[in-house]
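Engineer: This is the structure, below, for whatever I ask next.
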Amino acid sequence: MKITEFKEVYKDRFPVGDGWRPLVEKLVDDIIEIDNTIEVSQVKEKYGELRFYISGGNDGIYNLIGKAEEESSKTCESCGIKENVTTKGGWLLTLCDKCRKKP
């Protein structure tokens with residue numbers, strides 16, 4: 001999908017936890033400022049971190065993606081806070097203490 005379509009396509013059903021939505025949407029906006037012809041291949045959580053795959057791009061765009069992926073490891077995937085966040089479990093999830101205790 002074209003990166004300019006990303007927010008509309010995922011308006012109601014986001015591909016990762018809502019806590020990462022601001023992180024991903026900022027990344028999308030930053031990429032569009034550099035190159036609005038980028039194609040988004042896949043967005044997912046893997047090993048407790050954001051993964052954002054594109055076709056095309058340059059070093060600047062890939063640096064932005066790397067920073068967002070790194071930031072996701074310090075951000076609760078569920079609620080978006082950055083305090084008391086850990087990555088653990090059988091299926092690795094990056095959650096704060098409060099969200100980890102939810103049933």
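Following the order of the structure tokens, chains are lettered A, B, ..., residues in each are numbered from 1, and ligands are numbered from 1.
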If you count only C-alpha atoms, which residues fall within 8 Å of region 32-44 of chain A, apart from same-chain ones fewer than 3 positions away, as a list in words?
Structural biologist: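 These residues fall inside the cut-off: Met1, Lys2, Ile3, Thr4, Phe6, Pro15, Val16, Val28, Asp29, Leu50, Arg51, Phe52, Tyr53, Ile54, Ser55, Gly56, Gly57 and Ile61 of chain A.
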Engineer: What does the file look like for those residues with N, CA and C atoms, as a compact mmCIF listing (two decimals), in the first residue's frame?
Structural biologist:
```
# COMPACT_ATOMS: atom_id res chain seq x y z
N MET A 1 0.84 -1.17 0.00
CA MET A 1 0.00 0.00 0.00
C MET A 1 0.88 1.23 0.00
N LYS A 2 0.40 2.29 -0.61
CA LYS A 2 1.13 3.55 -0.61
C LYS A 2 1.14 4.12 0.81
N ILE A 3 2.26 4.68 1.19
CA ILE A 3 2.38 5.21 2.56
C ILE A 3 1.36 6.32 2.82
N THR A 4 0.96 7.03 1.78
CA THR A 4 -0.03 8.10 1.95
C THR A 4 -1.42 7.54 2.27
N PHE A 6 -1.81 4.89 4.39
CA PHE A 6 -1.64 4.10 5.60
C PHE A 6 -2.68 4.43 6.67
N PRO A 15 -2.55 -2.40 12.92
CA PRO A 15 -1.83 -3.68 12.81
C PRO A 15 -1.02 -4.07 14.05
N VAL A 16 -0.79 -3.12 14.97
CA VAL A 16 -0.09 -3.41 16.24
C VAL A 16 -0.90 -2.78 17.36
N VAL A 28 5.16 7.36 9.92
CA VAL A 28 4.53 7.50 8.60
C VAL A 28 4.60 8.96 8.13
N ASP A 29 4.25 9.89 9.01
CA ASP A 29 4.32 11.32 8.65
C ASP A 29 5.74 11.74 8.28
N LEU A 50 8.36 -3.36 17.35
CA LEU A 50 7.73 -2.97 16.10
C LEU A 50 8.61 -3.39 14.93
N ARG A 51 7.98 -3.86 13.88
CA ARG A 51 8.68 -4.10 12.62
C ARG A 51 7.89 -3.34 11.55
N PHE A 52 8.58 -2.54 10.76
CA PHE A 52 7.97 -1.69 9.74
C PHE A 52 8.74 -1.92 8.45
N TYR A 53 8.12 -2.62 7.50
CA TYR A 53 8.79 -2.99 6.26
C TYR A 53 8.26 -2.17 5.10
N ILE A 54 9.19 -1.68 4.28
CA ILE A 54 8.83 -0.86 3.13
C ILE A 54 9.54 -1.35 1.87
N SER A 55 9.06 -0.87 0.74
CA SER A 55 9.77 -1.05 -0.53
C SER A 55 10.30 0.33 -0.92
N GLY A 56 11.56 0.38 -1.30
CA GLY A 56 12.18 1.65 -1.65
C GLY A 56 12.79 2.29 -0.44
N GLY A 57 13.01 3.58 -0.53
CA GLY A 57 13.56 4.30 0.61
C GLY A 57 15.04 4.57 0.47
N ILE A 61 15.38 7.33 5.59
CA ILE A 61 14.12 6.66 5.93
C ILE A 61 14.39 5.43 6.79
```
Engineer: Can you pull out every residue within 8 Å of Tyr47 (chain A), counting only C-alpha atoms, but drop anything in the same chain fewer than 3 positions away, and send it as a compact mmCIF listing (two decimals) with N, CA and C atoms, in the first residue's frame?
Structural biologist:
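For reference, selection_15.txt as written:
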```txt
# COMPACT_ATOMS: atom_id res chain seq x y z
N TRP A 91 5.08 -15.49 24.46
CA TRP A 91 4.97 -14.67 23.26
C TRP A 91 5.44 -13.30 23.72
N LEU A 92 6.61 -12.87 23.29
CA LEU A 92 7.20 -11.63 23.80
C LEU A 92 6.30 -10.44 23.50
N LEU A 93 5.91 -9.76 24.56
CA LEU A 93 5.13 -8.54 24.45
C LEU A 93 5.81 -7.46 25.26
```
Engineer: Residues at most 10 Å from region 76-87 of chain A, counting only C-alpha atoms, excluding those fewer than 2 positions away in the same chain, as a VMD selection string?
Structural biologist: chain A and resid 16 to 23 45 47 to 50 71 to 74 89 91 to 100
Engineer: If you keep C-alpha atoms, can you produce a file of those selected residues as a PDB file, in the first residue's frame?
Structural biologist:
```pdb
ATOM      1  CA  VAL A  16      -0.092  -3.414  16.237  1.00  0.00           C
ATOM      2  CA  GLY A  17      -1.181  -2.392  19.732  1.00  0.00           C
ATOM      3  CA  ASP A  18      -2.807   1.013  20.107  1.00  0.00           C
ATOM      4  CA  GLY A  19      -0.008   2.091  22.451  1.00  0.00           C
ATOM      5  CA  TRP A  20       2.307   2.117  19.447  1.00  0.00           C
ATOM      6  CA  ARG A  21      -0.159   4.024  17.211  1.00  0.00           C
ATOM      7  CA  PRO A  22       1.390   7.493  17.890  1.00  0.00           C
ATOM      8  CA  LEU A  23       4.872   6.074  17.244  1.00  0.00           C
ATOM      9  CA  GLU A  45       5.141  -6.869  16.266  1.00  0.00           C
ATOM     10  CA  TYR A  47       9.986 -10.389  19.428  1.00  0.00           C
ATOM     11  CA  GLY A  48       8.360  -7.578  21.410  1.00  0.00           C
ATOM     12  CA  GLU A  49       9.328  -4.818  18.971  1.00  0.00           C
ATOM     13  CA  LEU A  50       7.726  -2.974  16.101  1.00  0.00           C
ATOM     14  CA  GLU A  71      11.551   3.254  20.698  1.00  0.00           C
ATOM     15  CA  SER A  72       8.857   0.560  20.561  1.00  0.00           C
ATOM     16  CA  SER A  73      10.971  -1.630  22.850  1.00  0.00           C
ATOM     17  CA  LYS A  74      10.612   1.067  25.544  1.00  0.00           C
ATOM     18  CA  GLY A  89       6.557 -13.864  28.234  1.00  0.00           C
ATOM     19  CA  TRP A  91       4.975 -14.670  23.260  1.00  0.00           C
ATOM     20  CA  LEU A  92       7.197 -11.632  23.802  1.00  0.00           C
ATOM     21  CA  LEU A  93       5.127  -8.544  24.447  1.00  0.00           C
ATOM     22  CA  THR A  94       6.345  -5.105  25.460  1.00  0.00           C
ATOM     23  CA  LEU A  95       3.993  -3.979  28.213  1.00  0.00           C
ATOM     24  CA  CYS A  96       3.976  -1.799  31.309  1.00  0.00           C
ATOM     25  CA  ASP A  97       3.360  -3.434  34.688  1.00  0.00           C
ATOM     26  CA  LYS A  98      -0.289  -2.326  34.734  1.00  0.00           C
ATOM     27  CA  CYS A  99      -1.129  -3.731  31.286  1.00  0.00           C
ATOM     28  CA  ARG A 100       0.812  -6.929  31.958  1.00  0.00           C
TER      29      ARG A 100
END
```
Engineer: Check the DSSP output for the backbone and give back, as a list in words, the residues of region 5-98 of chain A in strand (DSSP E).
Structural biologist: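 Put together, the selection reads Glu39, Val40, Ser41, Gln42, Val43, Lys44, Glu45, Lys46, Glu49, Leu50, Arg51, Phe52, Tyr53, Ile54, Ser55, Val85, Thr86, Thr87, Lys88, Leu93, Thr94, Leu95 and Cys96 of chain A.
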Engineer: Generate a file of the selected residues that holds C-alpha atoms, formatted as a PDB file, in the first residue's frame.
Structural biologist:
```
ATOM      1  CA  GLU A  39       5.202   1.453  -0.388  1.00  0.00           C
ATOM      2  CA  VAL A  40       4.484  -0.118   3.016  1.00  0.00           C
ATOM      3  CA  SER A  41       4.894  -3.898   2.822  1.00  0.00           C
ATOM      4  CA  GLN A  42       4.108  -4.945   6.386  1.00  0.00           C
ATOM      5  CA  VAL A  43       3.722  -3.588   9.914  1.00  0.00           C
ATOM      6  CA  LYS A  44       3.793  -6.016  12.839  1.00  0.00           C
ATOM      7  CA  GLU A  45       5.141  -6.869  16.266  1.00  0.00           C
ATOM      8  CA  LYS A  46       7.982  -9.371  16.361  1.00  0.00           C
ATOM      9  CA  GLU A  49       9.328  -4.818  18.971  1.00  0.00           C
ATOM     10  CA  LEU A  50       7.726  -2.974  16.101  1.00  0.00           C
ATOM     11  CA  ARG A  51       8.677  -4.100  12.618  1.00  0.00           C
ATOM     12  CA  PHE A  52       7.971  -1.695   9.739  1.00  0.00           C
ATOM     13  CA  TYR A  53       8.788  -2.995   6.256  1.00  0.00           C
ATOM     14  CA  ILE A  54       8.825  -0.858   3.125  1.00  0.00           C
ATOM     15  CA  SER A  55       9.769  -1.046  -0.530  1.00  0.00           C
ATOM     16  CA  VAL A  85       7.967  -1.350  30.530  1.00  0.00           C
ATOM     17  CA  THR A  86       9.388  -4.846  30.076  1.00  0.00           C
ATOM     18  CA  THR A  87       9.536  -7.348  27.257  1.00  0.00           C
ATOM     19  CA  LYS A  88       8.859 -10.879  28.431  1.00  0.00           C
ATOM     20  CA  LEU A  93       5.127  -8.544  24.447  1.00  0.00           C
ATOM     21  CA  THR A  94       6.345  -5.105  25.460  1.00  0.00           C
ATOM     22  CA  LEU A  95       3.993  -3.979  28.213  1.00  0.00           C
ATOM     23  CA  CYS A  96       3.976  -1.799  31.309  1.00  0.00           C
TER      24      CYS A  96
END
```
Engineer: For CA of Phe14 (chain A) and CA of Pro103 (chain A), determine how far apart the two atoms are, in Å to one decimal place.
Structural biologist: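 A separation of 21.2 Å between them.
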